[in-house]
$ cat protein.cif   # mmCIF, C-alpha atoms
data_input
loop_
_atom_site.group_PDB
_atom_site.id
_atom_site.type_symbol
_atom_site.label_atom_id
_atom_site.label_comp_id
_atom_site.auth_asym_id
_atom_site.auth_seq_id
_atom_site.Cartn_x
_atom_site.Cartn_y
_atom_site.Cartn_z
ATOM 1 C CA MET W 1 -13.478 -28.141 2.066
ATOM 2 C CA ARG W 2 -11.161 -30.497 0.112
ATOM 3 C CA GLU W 3 -14.083 -32.837 -0.606
ATOM 4 C CA PHE W 4 -16.115 -29.841 -1.720
ATOM 5 C CA LEU W 5 -13.409 -28.772 -4.174
ATOM 6 C CA ILE W 6 -13.083 -32.316 -5.517
ATOM 7 C CA PHE W 7 -16.847 -32.373 -5.935
ATOM 8 C CA LEU W 8 -16.471 -29.298 -8.145
ATOM 9 C CA GLY W 9 -14.179 -31.353 -10.387
ATOM 10 C CA ILE W 10 -10.900 -29.694 -9.452
ATOM 11 C CA HIS W 11 -7.774 -31.830 -9.776
ATOM 12 C CA SER W 12 -5.871 -32.665 -6.578
ATOM 13 C CA LEU W 13 -2.756 -30.826 -7.795
ATOM 14 C CA GLU W 14 -4.843 -27.746 -8.412
ATOM 15 C CA ILE W 15 -6.277 -28.051 -4.920
ATOM 16 C CA GLN W 16 -2.822 -28.170 -3.414
ATOM 17 C CA HIS W 17 -1.833 -25.102 -5.369
ATOM 18 C CA LEU W 18 -4.951 -23.259 -4.318
ATOM 19 C CA GLU W 19 -4.459 -24.180 -0.675
ATOM 20 C CA LYS W 20 -0.884 -22.965 -0.824
ATOM 21 C CA VAL W 21 -1.884 -19.659 -2.338
ATOM 22 C CA SER W 22 -4.898 -18.834 -0.164
ATOM 23 C CA GLU W 23 -4.041 -20.869 2.954
ATOM 24 C CA LEU W 24 -7.529 -22.355 2.971
ATOM 25 C CA SER W 25 -6.435 -25.349 4.981
ATOM 26 C CA TYR W 26 -5.618 -23.122 7.989
ATOM 27 C CA ALA W 27 -8.751 -20.986 8.051
ATOM 28 C CA THR W 28 -11.558 -23.296 6.936
ATOM 29 C CA ARG W 29 -12.203 -25.036 10.259
ATOM 30 C CA ASP W 30 -12.410 -21.830 12.298
ATOM 31 C CA TYR W 31 -14.444 -20.125 9.595
ATOM 32 C CA ASP W 32 -16.981 -22.956 9.422
ATOM 33 C CA ARG W 33 -17.323 -22.933 13.201
ATOM 34 C CA GLU W 34 -18.007 -19.206 13.289
ATOM 35 C CA THR W 35 -20.552 -19.377 10.467
ATOM 36 C CA ARG W 36 -22.400 -22.148 12.331
ATOM 37 C CA ARG W 37 -22.434 -19.950 15.422
ATOM 38 C CA LEU W 38 -23.829 -17.107 13.345
ATOM 39 C CA GLU W 39 -26.605 -19.283 11.930
ATOM 40 C CA SER W 40 -27.503 -20.453 15.451
ATOM 41 C CA LEU W 41 -27.543 -16.885 16.781
ATOM 42 C CA GLU W 42 -29.721 -15.678 13.917
ATOM 43 C CA GLU W 43 -32.233 -18.507 14.390
ATOM 44 C CA SER W 44 -32.317 -17.928 18.161
ATOM 45 C CA SER W 45 -32.985 -14.240 17.624
ATOM 46 C CA LYS W 46 -35.872 -14.946 15.244
ATOM 47 C CA SER W 47 -37.314 -17.608 17.560
ATOM 48 C CA LEU W 48 -37.137 -15.255 20.558
ATOM 49 C CA THR W 49 -38.981 -12.555 18.646
ATOM 50 C CA ARG W 50 -41.746 -14.970 17.640
ATOM 51 C CA ASP W 51 -42.159 -16.320 21.196
ATOM 52 C CA LEU W 52 -42.317 -12.879 22.790
ATOM 53 C CA ILE W 53 -44.880 -11.640 20.286
ATOM 54 C CA LYS W 54 -47.013 -14.674 21.197
ATOM 55 C CA GLN W 55 -46.585 -13.923 24.904
ATOM 56 C CA ASP W 56 -47.594 -10.285 24.461
ATOM 57 C CA LYS W 57 -50.692 -11.394 22.590
ATOM 58 C CA SER W 58 -51.573 -13.877 25.354
ATOM 59 C CA PHE W 59 -51.268 -11.221 28.058
ATOM 60 C CA ASP W 60 -53.286 -8.798 25.969
ATOM 61 C CA ASP W 61 -55.988 -11.421 25.331
ATOM 62 C CA PHE W 62 -56.180 -12.087 29.086
ATOM 63 C CA ALA W 63 -56.632 -8.388 29.937
ATOM 64 C CA ARG W 64 -59.147 -7.783 27.145
ATOM 65 C CA GLY W 65 -61.038 -10.977 27.942
ATOM 66 C CA GLN W 66 -61.424 -9.998 31.586
ATOM 67 C CA LEU W 67 -62.775 -6.558 30.658
ATOM 68 C CA LYS W 68 -65.228 -8.105 28.192
ATOM 69 C CA LEU W 69 -66.411 -10.589 30.812
ATOM 70 C CA LEU W 70 -67.090 -7.783 33.297
ATOM 71 C CA HIS W 71 -68.829 -5.703 30.650
ATOM 72 C CA ASP W 72 -71.146 -8.631 29.902
ATOM 73 C CA LEU W 73 -71.762 -9.273 33.598
ATOM 74 C CA SER W 74 -72.577 -5.616 34.232
ATOM 75 C CA GLY W 75 -75.369 -5.733 31.665
ATOM 76 C CA SER W 76 -76.591 -9.164 32.727
ATOM 77 C CA ALA W 77 -80.280 -9.345 33.578
ATOM 78 C CA PHE W 78 -79.478 -12.071 36.088
ATOM 79 C CA ILE W 79 -77.112 -9.807 38.044
ATOM 80 C CA ASN W 80 -79.571 -6.894 38.021
ATOM 81 C CA HIS W 81 -82.386 -9.166 39.151
ATOM 82 C CA TYR W 82 -80.246 -10.631 41.925
ATOM 83 C CA ASP W 83 -79.354 -7.165 43.222
ATOM 84 C CA GLN W 84 -83.020 -6.162 43.341
ATOM 85 C CA GLN W 85 -84.130 -9.356 45.079
ATOM 86 C CA GLN W 86 -81.162 -9.696 47.440
ATOM 87 C CA THR W 87 -82.177 -9.553 51.077
ATOM 88 C CA SER W 88 -79.140 -11.100 52.739
ATOM 89 C CA THR W 89 -75.637 -12.094 51.724
ATOM 90 C CA THR W 90 -72.368 -13.089 53.277
ATOM 91 C CA LEU W 91 -70.744 -10.244 51.343
ATOM 92 C CA THR W 92 -70.628 -6.694 52.716
ATOM 93 C CA THR W 93 -71.321 -5.272 49.240
ATOM 94 C CA ASN W 94 -73.881 -6.196 46.647
ATOM 95 C CA ILE W 95 -73.031 -7.978 43.418
ATOM 96 C CA SER W 96 -73.062 -4.837 41.280
ATOM 97 C CA GLN W 97 -70.622 -3.121 43.610
ATOM 98 C CA LEU W 98 -68.376 -6.181 43.577
ATOM 99 C CA ILE W 99 -68.391 -6.206 39.771
ATOM 100 C CA ASN W 100 -67.609 -2.483 39.656
ATOM 101 C CA ASP W 101 -64.661 -3.021 42.007
ATOM 102 C CA TRP W 102 -63.538 -5.944 39.881
ATOM 103 C CA LYS W 103 -63.889 -3.817 36.751
ATOM 104 C CA ALA W 104 -61.639 -1.130 38.238
ATOM 105 C CA THR W 105 -59.104 -3.827 39.097
ATOM 106 C CA ALA W 106 -59.307 -5.270 35.587
ATOM 107 C CA GLN W 107 -58.799 -1.827 34.074
ATOM 108 C CA HIS W 108 -55.679 -1.357 36.197
ATOM 109 C CA ILE W 109 -54.408 -4.764 35.096
ATOM 110 C CA SER W 110 -55.105 -3.874 31.455
ATOM 111 C CA GLU W 111 -53.017 -0.717 31.834
ATOM 112 C CA GLN W 112 -50.202 -2.690 33.440
ATOM 113 C CA THR W 113 -50.406 -5.248 30.628
ATOM 114 C CA SER W 114 -50.066 -2.507 28.017
ATOM 115 C CA LEU W 115 -47.082 -1.136 29.914
ATOM 116 C CA LEU W 116 -45.466 -4.581 30.076
ATOM 117 C CA ASN W 117 -46.008 -5.181 26.368
ATOM 118 C CA GLU W 118 -44.537 -1.770 25.562
ATOM 119 C CA ILE W 119 -41.430 -2.473 27.639
ATOM 120 C CA THR W 120 -41.130 -5.955 26.122
ATOM 121 C CA SER W 121 -41.380 -4.495 22.643
ATOM 122 C CA LYS W 122 -38.706 -1.855 23.293
ATOM 123 C CA THR W 123 -36.241 -3.973 25.269
ATOM 124 C CA ILE W 124 -36.482 -7.367 23.596
ATOM 125 C CA ILE W 125 -38.586 -7.519 20.437
ATOM 126 C CA ASP W 126 -37.270 -4.365 18.740
ATOM 127 C CA SER W 127 -33.719 -5.148 19.856
ATOM 128 C CA SER W 128 -34.029 -8.692 18.552
ATOM 129 C CA LYS W 129 -35.329 -7.421 15.222
ATOM 130 C CA ARG W 130 -32.418 -4.976 14.924
ATOM 131 C CA LEU W 131 -30.004 -7.792 15.737
ATOM 132 C CA THR W 132 -31.620 -9.972 13.076
ATOM 133 C CA LEU W 133 -31.186 -7.194 10.491
ATOM 134 C CA ALA W 134 -27.534 -6.810 11.486
ATOM 135 C CA LEU W 135 -26.995 -10.555 11.176
ATOM 136 C CA ALA W 136 -28.609 -10.467 7.731
ATOM 137 C CA ASN W 137 -25.858 -8.046 6.659
ATOM 138 C CA VAL W 138 -23.277 -10.489 7.989
ATOM 139 C CA THR W 139 -24.940 -13.266 6.013
ATOM 140 C CA ASN W 140 -24.652 -11.157 2.869
ATOM 141 C CA ALA W 141 -20.952 -10.641 3.603
ATOM 142 C CA ILE W 142 -20.539 -14.419 3.889
ATOM 143 C CA LYS W 143 -22.284 -14.920 0.552
ATOM 144 C CA LYS W 144 -19.980 -12.368 -1.069
ATOM 145 C CA ARG W 145 -16.987 -14.164 0.400
ATOM 146 C CA GLU W 146 -18.235 -17.459 -1.035
ATOM 147 C CA GLN W 147 -18.773 -15.826 -4.425
ATOM 148 C CA SER W 148 -15.221 -14.445 -4.343
ATOM 149 C CA LEU W 149 -13.911 -17.899 -3.544
ATOM 150 C CA ASN W 150 -15.861 -19.414 -6.433
ATOM 151 C CA ASP W 151 -14.536 -16.740 -8.801
ATOM 152 C CA TYR W 152 -11.010 -17.418 -7.569
ATOM 153 C CA ILE W 153 -11.374 -21.171 -8.106
ATOM 154 C CA LYS W 154 -12.806 -20.720 -11.599
ATOM 155 C CA ILE W 155 -9.969 -18.446 -12.734
ATOM 156 C CA GLN W 156 -7.364 -20.782 -11.228
ATOM 157 C CA HIS W 157 -8.972 -23.698 -13.030
ATOM 158 C CA LYS W 158 -8.975 -21.685 -16.252
ATOM 159 C CA LEU W 159 -5.269 -20.891 -15.863
ATOM 160 C CA ASP W 160 -4.366 -24.509 -15.099
ATOM 161 C CA LYS W 161 -6.266 -25.755 -18.146
ATOM 162 C CA MET W 162 -4.508 -23.308 -20.415
ATOM 163 C CA ASN W 163 -1.080 -24.198 -18.996
ATOM 164 C CA GLU W 164 -1.891 -27.877 -19.475
ATOM 165 C CA LYS W 165 -3.042 -27.261 -23.040
ATOM 166 C CA LEU W 166 0.076 -25.302 -23.962
ATOM 167 C CA GLY W 167 2.348 -27.766 -22.201
ATOM 168 C CA SER W 168 0.907 -30.792 -23.996
ATOM 169 C CA SER W 169 0.815 -29.164 -27.441
ATOM 170 C CA THR W 170 3.236 -30.641 -30.013
ATOM 171 C CA THR W 171 2.501 -28.007 -32.605
ATOM 172 C CA THR W 172 5.181 -25.454 -33.309
ATOM 173 C CA LEU W 173 3.653 -22.036 -32.835
ATOM 174 C CA THR W 174 4.587 -18.892 -34.647
ATOM 175 C CA ALA W 175 6.049 -15.967 -32.784
ATOM 176 C CA ALA W 176 2.743 -14.133 -33.095
ATOM 177 C CA ALA W 177 0.853 -17.099 -31.657
ATOM 178 C CA ASN W 178 3.307 -17.385 -28.763
ATOM 179 C CA THR W 179 2.949 -13.696 -28.070
ATOM 180 C CA ALA W 180 -0.850 -13.999 -28.117
ATOM 181 C CA ASN W 181 -0.781 -16.976 -25.747
ATOM 182 C CA ASN W 182 1.632 -15.229 -23.401
ATOM 183 C CA ASN W 183 -0.569 -12.150 -23.364
ATOM 184 C CA LYS W 184 -3.573 -14.296 -22.627
ATOM 185 C CA LEU W 185 -1.747 -16.084 -19.813
ATOM 186 C CA GLU W 186 -0.636 -12.771 -18.360
ATOM 187 C CA GLN W 187 -4.198 -11.489 -18.487
ATOM 188 C CA ILE W 188 -5.517 -14.584 -16.696
ATOM 189 C CA ARG W 189 -2.745 -14.341 -14.072
ATOM 190 C CA LYS W 190 -3.714 -10.722 -13.491
ATOM 191 C CA GLN W 191 -7.373 -11.730 -13.085
ATOM 192 C CA LEU W 192 -6.310 -14.498 -10.722
ATOM 193 C CA ASN W 193 -4.272 -12.121 -8.595
ATOM 194 C CA GLU W 194 -7.173 -9.669 -8.370
ATOM 195 C CA ALA W 195 -9.589 -12.460 -7.472
ATOM 196 C CA LYS W 196 -7.123 -13.750 -4.863
ATOM 197 C CA GLN W 197 -6.856 -10.323 -3.255
ATOM 198 C CA GLN W 198 -10.630 -9.844 -3.234
ATOM 199 C CA TYR W 199 -11.207 -13.251 -1.667
ATOM 200 C CA GLU W 200 -8.464 -12.946 0.933
ATOM 201 C CA LEU W 201 -9.670 -9.490 1.964
ATOM 202 C CA LYS W 202 -13.249 -10.677 2.508
ATOM 203 C CA ASN W 203 -12.050 -13.868 4.155
ATOM 204 C CA GLN W 204 -9.730 -12.026 6.544
ATOM 205 C CA ILE W 205 -12.427 -9.575 7.629
ATOM 206 C CA LEU W 206 -14.873 -12.383 8.374
ATOM 207 C CA ASN W 207 -12.281 -14.509 10.157
ATOM 208 C CA ASN W 208 -11.329 -11.542 12.336
ATOM 209 C CA GLU W 209 -14.800 -10.197 13.093
ATOM 210 C CA LEU W 210 -17.041 -13.268 13.342
ATOM 211 C CA PRO W 211 -15.478 -14.351 16.673
ATOM 212 C CA ILE W 212 -15.867 -10.769 17.964
ATOM 213 C CA LEU W 213 -19.530 -10.775 16.939
ATOM 214 C CA HIS W 214 -20.050 -14.068 18.755
ATOM 215 C CA GLU W 215 -18.462 -12.732 21.942
ATOM 216 C CA GLN W 216 -20.361 -9.432 21.867
ATOM 217 C CA ARG W 217 -23.756 -11.057 21.577
ATOM 218 C CA ALA W 218 -23.907 -11.524 25.358
ATOM 219 C CA ALA W 219 -23.087 -7.865 25.992
ATOM 220 C CA PHE W 220 -26.022 -6.977 23.742
ATOM 221 C CA VAL W 221 -28.534 -9.529 25.020
ATOM 222 C CA TYR W 222 -27.983 -9.382 28.803
ATOM 223 C CA PRO W 223 -29.173 -5.774 29.396
ATOM 224 C CA CYS W 224 -32.257 -6.447 27.270
ATOM 225 C CA LEU W 225 -32.997 -9.628 29.177
ATOM 226 C CA GLU W 226 -32.446 -7.943 32.540
ATOM 227 C CA ALA W 227 -34.904 -5.149 31.692
ATOM 228 C CA PHE W 228 -37.413 -7.730 30.459
ATOM 229 C CA ILE W 229 -37.191 -9.773 33.684
ATOM 230 C CA GLU W 230 -37.620 -6.642 35.797
ATOM 231 C CA ALA W 231 -40.713 -5.694 33.794
ATOM 232 C CA GLN W 232 -42.147 -9.195 34.256
ATOM 233 C CA ALA W 233 -41.523 -9.084 38.019
ATOM 234 C CA HIS W 234 -43.152 -5.658 38.303
ATOM 235 C CA TYR W 235 -46.158 -6.837 36.300
ATOM 236 C CA CYS W 236 -46.700 -9.908 38.471
ATOM 237 C CA ASP W 237 -46.332 -7.779 41.606
ATOM 238 C CA GLN W 238 -48.956 -5.346 40.317
ATOM 239 C CA LEU W 239 -51.353 -8.229 39.610
ATOM 240 C CA GLU W 240 -50.914 -9.644 43.106
ATOM 241 C CA VAL W 241 -51.483 -6.255 44.774
ATOM 242 C CA ALA W 242 -54.534 -5.534 42.604
ATOM 243 C CA TYR W 243 -56.239 -8.852 43.342
ATOM 244 C CA ARG W 244 -55.429 -8.705 47.049
ATOM 245 C CA ASN W 245 -57.012 -5.257 47.205
ATOM 246 C CA LEU W 246 -60.046 -6.579 45.367
ATOM 247 C CA MET W 247 -60.388 -9.429 47.862
ATOM 248 C CA GLY W 248 -60.187 -6.923 50.702
ATOM 249 C CA GLN W 249 -62.884 -4.715 49.168
ATOM 250 C CA ALA W 250 -65.155 -7.696 48.618
ATOM 251 C CA ASP W 251 -64.442 -9.091 52.077
ATOM 252 C CA VAL W 252 -63.741 -12.473 50.510
ATOM 253 C CA GLY W 253 -62.343 -15.061 52.877
ATOM 254 C CA ALA W 254 -59.308 -17.122 52.075
ATOM 255 C CA ASN W 255 -61.077 -20.377 53.001
ATOM 256 C CA SER W 256 -61.831 -21.870 49.608
ATOM 257 C CA THR W 257 -63.245 -25.017 51.207
ATOM 258 C CA ALA W 258 -65.922 -23.050 53.053
ATOM 259 C CA THR W 259 -66.800 -21.191 49.856
ATOM 260 C CA LEU W 260 -67.111 -24.438 47.946
ATOM 261 C CA ASP W 261 -69.321 -25.894 50.695
ATOM 262 C CA GLU W 262 -71.595 -22.866 50.446
ATOM 263 C CA ILE W 263 -71.825 -23.231 46.667
ATOM 264 C CA ASN W 264 -72.622 -26.938 46.971
ATOM 265 C CA ALA W 265 -75.311 -26.233 49.575
ATOM 266 C CA LYS W 266 -77.040 -23.701 47.314
ATOM 267 C CA LEU W 267 -76.773 -26.104 44.374
ATOM 268 C CA ALA W 268 -78.350 -28.836 46.526
ATOM 269 C CA ASN W 269 -81.294 -26.515 47.203
ATOM 270 C CA ILE W 270 -81.768 -26.050 43.468
ATOM 271 C CA LYS W 271 -81.569 -29.772 42.813
ATOM 272 C CA SER W 272 -84.174 -30.437 45.487
ATOM 273 C CA LEU W 273 -86.837 -28.782 43.341
ATOM 274 C CA SER W 274 -89.114 -31.268 41.661
ATOM 275 C CA ILE W 275 -88.763 -29.637 38.277
ATOM 276 C CA VAL W 276 -84.979 -30.063 38.479
ATOM 277 C CA ALA W 277 -84.908 -33.618 39.739
ATOM 278 C CA SER W 278 -84.226 -36.203 37.026
ATOM 279 C CA ASP W 279 -86.795 -38.862 36.186
#
$ encode --input "protein.cif" --output "structure tokens"
Amino acid sequence: MREFLIFLGIHSLEIQHLEKVSELSYATRDYDRETRRLESLEESSKSLTRDLIKQDKSFDDFARGQLKLLHDLSGSAFINHYDQQQTSTTLTTNISQLINDWKATAQHISEQTSLLNEITSKTIIDSSKRLTLALANVTNAIKKREQSLNDYIKIQHKLDKMNEKLGSSTTTLTAAANTANNNKLEQIRKQLNEAKQQYELKNQILNNELPILHEQRAAFVYPCLEAFIEAQAHYCDQLEVAYRNLMGQADVGANSTATLDEINAKLANIKSLSIVASD
């Protein structure tokens, strides 16, 4: 802070006087620490909101994409032709039935995704936005405090310059001139006192309440985060149950190696055709 005041062009003696009056030297370090904490909290809140909005969009894209895929498959000429020509299959249901079961599963997942996004919006995103708005008010209070400090410094500088001018003057002033100068000095001192009170009031409020704000952030965030984690866990559980049920309806085995072998065997049959073989 001292370097900042010197940068403003304030004489060292004036700085000492100002520090003595406002006790800046005692409060500056703690105040700067708390304002840095506030800036970090505000940026974290904004970043969290952005990330969660992206996550909601990703989940929504997944659910919508799956429904679109099934809609396209349902109207596929290939699927309809395969159902008509199918004579044997390792599945207990035909392809159309499997797609319909999958579509019902996808619709359930889409509903669960909407529910998750709604909970996320209420518990985290909206809360984070409200916190950001509250922090913006704090930022405005900090700006007002800084403006009060600047006003205080300017008036103090004005008073010191006038005292220096009157003290260095060798001209004998008339009684009227002395009275005018004294009135002017008294007016500036009054302005200085008012500016000092305004600054110290704003400074005291911030010094008292910024640490409280920093401590209370956890009490605000933790319930939101807990509700969000519970919603995520419920969503993942619903996805697992839905897909397990779908596998049971389709009578799909868990042996992925056997399924891959079957796919490779059918692909080998296709490649054995002369029109498929490469030259």
$ closest_residue --input "protein.cif" --among "W:Leu98, W:Ile53, W:Leu115, W:Leu135" --to "Ser40 of chain W" --atoms "all atoms listed in the file"
W:Leu135
$ resolve_selection --input "protein.cif" --expression "the PyMOL selection byres ((chain W and resi 62) around 12)" --output "list in words"
Gln55, Asp56, Lys57, Ser58, Phe59, Asp60, Asp61, Ala63, Arg64, Gly65, Gln66, Leu67, Lys68, Leu69, Ala106, Gln107, Ile109, Ser110, Gln112, Thr113 and Ser114 of chain W
$ atom_distance --input "protein.cif" --atom1 "atom CA of Lys54 of chain W" --atom2 "atom CA of Leu246 of chain W"
28.6 Å
$ resolve_selection --input "protein.cif" --expression "the PyMOL selection byres ((chain W and resi 146) around 12)" --output "number ranges by chain"
W: 28, 31-32, 35, 139-145, 147-153, 195, 198-200, 202-203, 206
$ atom_distance --input "protein.cif" --atom1 "atom CA of Ala134 of chain W" --atom2 "atom CA of Lys46 of chain W"
12.2 Å
$ closest_residue --input "protein.cif" --among "W:Met162, W:Ala77, W:Leu38, W:Ile99" --to "Gln249 of chain W" --atoms "only C-alpha atoms"
W:Ile99
$ resolve_selection --input "protein.cif" --expression "the PyMOL selection byres ((chain W and resi 224) around 12)" --output "list in words"
Ile119, Thr120, Ser121, Lys122, Thr123, Ile124, Ile125, Asp126, Ser127, Ser128, Leu131, Arg217, Ala218, Ala219, Phe220, Val221, Tyr222, Pro223, Leu225, Glu226, Ala227, Phe228, Ile229, Glu230 and Ala231 of chain W
$ residues_around --input "protein.cif" --residues "Ser45 of chain W" --least-positions-apart "3" --cutoff "7 Å" --atoms "only C-alpha atoms" --output "PDB file with C-alpha atoms, keeping the file's coordinate frame"
ATOM      1  CA  LEU W  41     -27.543 -16.885  16.781  1.00  0.00           C
ATOM      2  CA  GLU W  42     -29.721 -15.678  13.917  1.00  0.00           C
ATOM      3  CA  LEU W  48     -37.137 -15.255  20.558  1.00  0.00           C
ATOM      4  CA  THR W  49     -38.981 -12.555  18.646  1.00  0.00           C
ATOM      5  CA  SER W 128     -34.029  -8.692  18.552  1.00  0.00           C
ATOM      6  CA  THR W 132     -31.620  -9.972  13.076  1.00  0.00           C
TER       7      THR W 132
END
$ atom_distance --input "protein.cif" --atom1 "atom CA of Ala104 of chain W" --atom2 "atom CA of Ser76 of chain W"
17.8 Å
$ residues_around --input "protein.cif" --residues "Leu166 of chain W" --least-positions-apart "5" --cutoff "10 Å" --atoms "all atoms listed in the file" --output "ChimeraX atom specification"
/W:160-161,171,178,181
$ closest_residue --input "protein.cif" --among "W:Glu215, W:Lys266, W:Ala258, W:Leu116" --to "Asp237 of chain W" --atoms "all atoms listed in the file"
W:Leu116
$ closest_residue --input "protein.cif" --among "W:Leu239, W:Leu210, W:Ile155, W:Ile263" --to "Arg36 of chain W" --atoms "only C-alpha atoms"
W:Leu210
$ build_atoms --input "protein.cif" --residues "segment 141-166 of chain W" --atoms "N, CA and C atoms" --output "mmCIF file, in the frame of the given file"
data_model
loop_
_atom_site.group_PDB
_atom_site.id
_atom_site.type_symbol
_atom_site.label_atom_id
_atom_site.label_comp_id
_atom_site.auth_asym_id
_atom_site.auth_seq_id
_atom_site.Cartn_x
_atom_site.Cartn_y
_atom_site.Cartn_z
ATOM 1 N N ALA W 141 -22.409 -10.686 3.702
ATOM 2 C CA ALA W 141 -20.952 -10.641 3.603
ATOM 3 C C ALA W 141 -20.380 -12.042 3.402
ATOM 4 N N ILE W 142 -20.980 -13.026 4.060
ATOM 5 C CA ILE W 142 -20.539 -14.419 3.889
ATOM 6 C C ILE W 142 -20.809 -14.894 2.469
ATOM 7 N N LYS W 143 -21.958 -14.535 1.922
ATOM 8 C CA LYS W 143 -22.284 -14.920 0.552
ATOM 9 C C LYS W 143 -21.303 -14.284 -0.448
ATOM 10 N N LYS W 144 -20.930 -13.042 -0.187
ATOM 11 C CA LYS W 144 -19.980 -12.368 -1.069
ATOM 12 C C LYS W 144 -18.608 -13.037 -0.977
ATOM 13 N N ARG W 145 -18.250 -13.455 0.225
ATOM 14 C CA ARG W 145 -16.987 -14.164 0.400
ATOM 15 C C ARG W 145 -17.006 -15.469 -0.378
ATOM 16 N N GLU W 146 -18.112 -16.197 -0.313
ATOM 17 C CA GLU W 146 -18.235 -17.459 -1.035
ATOM 18 C C GLU W 146 -18.189 -17.227 -2.547
ATOM 19 N N GLN W 147 -18.801 -16.139 -2.998
ATOM 20 C CA GLN W 147 -18.773 -15.826 -4.425
ATOM 21 C C GLN W 147 -17.351 -15.490 -4.878
ATOM 22 N N SER W 148 -16.618 -14.764 -4.017
ATOM 23 C CA SER W 148 -15.221 -14.445 -4.343
ATOM 24 C C SER W 148 -14.377 -15.707 -4.423
ATOM 25 N N LEU W 149 -14.645 -16.631 -3.516
ATOM 26 C CA LEU W 149 -13.911 -17.899 -3.544
ATOM 27 C C LEU W 149 -14.216 -18.671 -4.820
ATOM 28 N N ASN W 150 -15.479 -18.710 -5.201
ATOM 29 C CA ASN W 150 -15.861 -19.414 -6.433
ATOM 30 C C ASN W 150 -15.211 -18.775 -7.658
ATOM 31 N N ASP W 151 -15.182 -17.437 -7.679
ATOM 32 C CA ASP W 151 -14.536 -16.740 -8.801
ATOM 33 C C ASP W 151 -13.046 -17.070 -8.840
ATOM 34 N N TYR W 152 -12.432 -17.097 -7.672
ATOM 35 C CA TYR W 152 -11.010 -17.418 -7.569
ATOM 36 C C TYR W 152 -10.727 -18.822 -8.093
ATOM 37 N N ILE W 153 -11.559 -19.774 -7.687
ATOM 38 C CA ILE W 153 -11.374 -21.171 -8.106
ATOM 39 C C ILE W 153 -11.555 -21.314 -9.623
ATOM 40 N N LYS W 154 -12.553 -20.630 -10.164
ATOM 41 C CA LYS W 154 -12.806 -20.720 -11.599
ATOM 42 C C LYS W 154 -11.633 -20.173 -12.410
ATOM 43 N N ILE W 155 -11.087 -19.036 -11.989
ATOM 44 C CA ILE W 155 -9.969 -18.446 -12.734
ATOM 45 C C ILE W 155 -8.727 -19.320 -12.614
ATOM 46 N N GLN W 156 -8.497 -19.882 -11.415
ATOM 47 C CA GLN W 156 -7.364 -20.782 -11.228
ATOM 48 C C GLN W 156 -7.502 -22.013 -12.122
ATOM 49 N N HIS W 157 -8.716 -22.541 -12.177
ATOM 50 C CA HIS W 157 -8.972 -23.698 -13.030
ATOM 51 C C HIS W 157 -8.748 -23.348 -14.506
ATOM 52 N N LYS W 158 -9.165 -22.149 -14.875
ATOM 53 C CA LYS W 158 -8.975 -21.685 -16.252
ATOM 54 C C LYS W 158 -7.494 -21.565 -16.583
ATOM 55 N N LEU W 159 -6.705 -21.039 -15.654
ATOM 56 C CA LEU W 159 -5.269 -20.891 -15.863
ATOM 57 C C LEU W 159 -4.588 -22.248 -15.955
ATOM 58 N N ASP W 160 -4.971 -23.173 -15.078
ATOM 59 C CA ASP W 160 -4.366 -24.509 -15.099
ATOM 60 C C ASP W 160 -4.684 -25.239 -16.395
ATOM 61 N N LYS W 161 -5.883 -25.101 -16.892
ATOM 62 C CA LYS W 161 -6.266 -25.755 -18.146
ATOM 63 C C LYS W 161 -5.452 -25.202 -19.329
ATOM 64 N N MET W 162 -5.253 -23.903 -19.314
ATOM 65 C CA MET W 162 -4.508 -23.308 -20.415
ATOM 66 C C MET W 162 -3.036 -23.723 -20.352
ATOM 67 N N ASN W 163 -2.466 -23.743 -19.151
ATOM 68 C CA ASN W 163 -1.080 -24.198 -18.996
ATOM 69 C C ASN W 163 -0.932 -25.653 -19.450
ATOM 70 N N GLU W 164 -1.926 -26.463 -19.084
ATOM 71 C CA GLU W 164 -1.891 -27.877 -19.475
ATOM 72 C C GLU W 164 -2.002 -28.015 -20.989
ATOM 73 N N LYS W 165 -2.852 -27.205 -21.583
ATOM 74 C CA LYS W 165 -3.042 -27.261 -23.040
ATOM 75 C C LYS W 165 -1.769 -26.849 -23.769
ATOM 76 N N LEU W 166 -1.149 -25.775 -23.309
ATOM 77 C CA LEU W 166 0.076 -25.302 -23.962
ATOM 78 C C LEU W 166 1.244 -26.254 -23.717
#
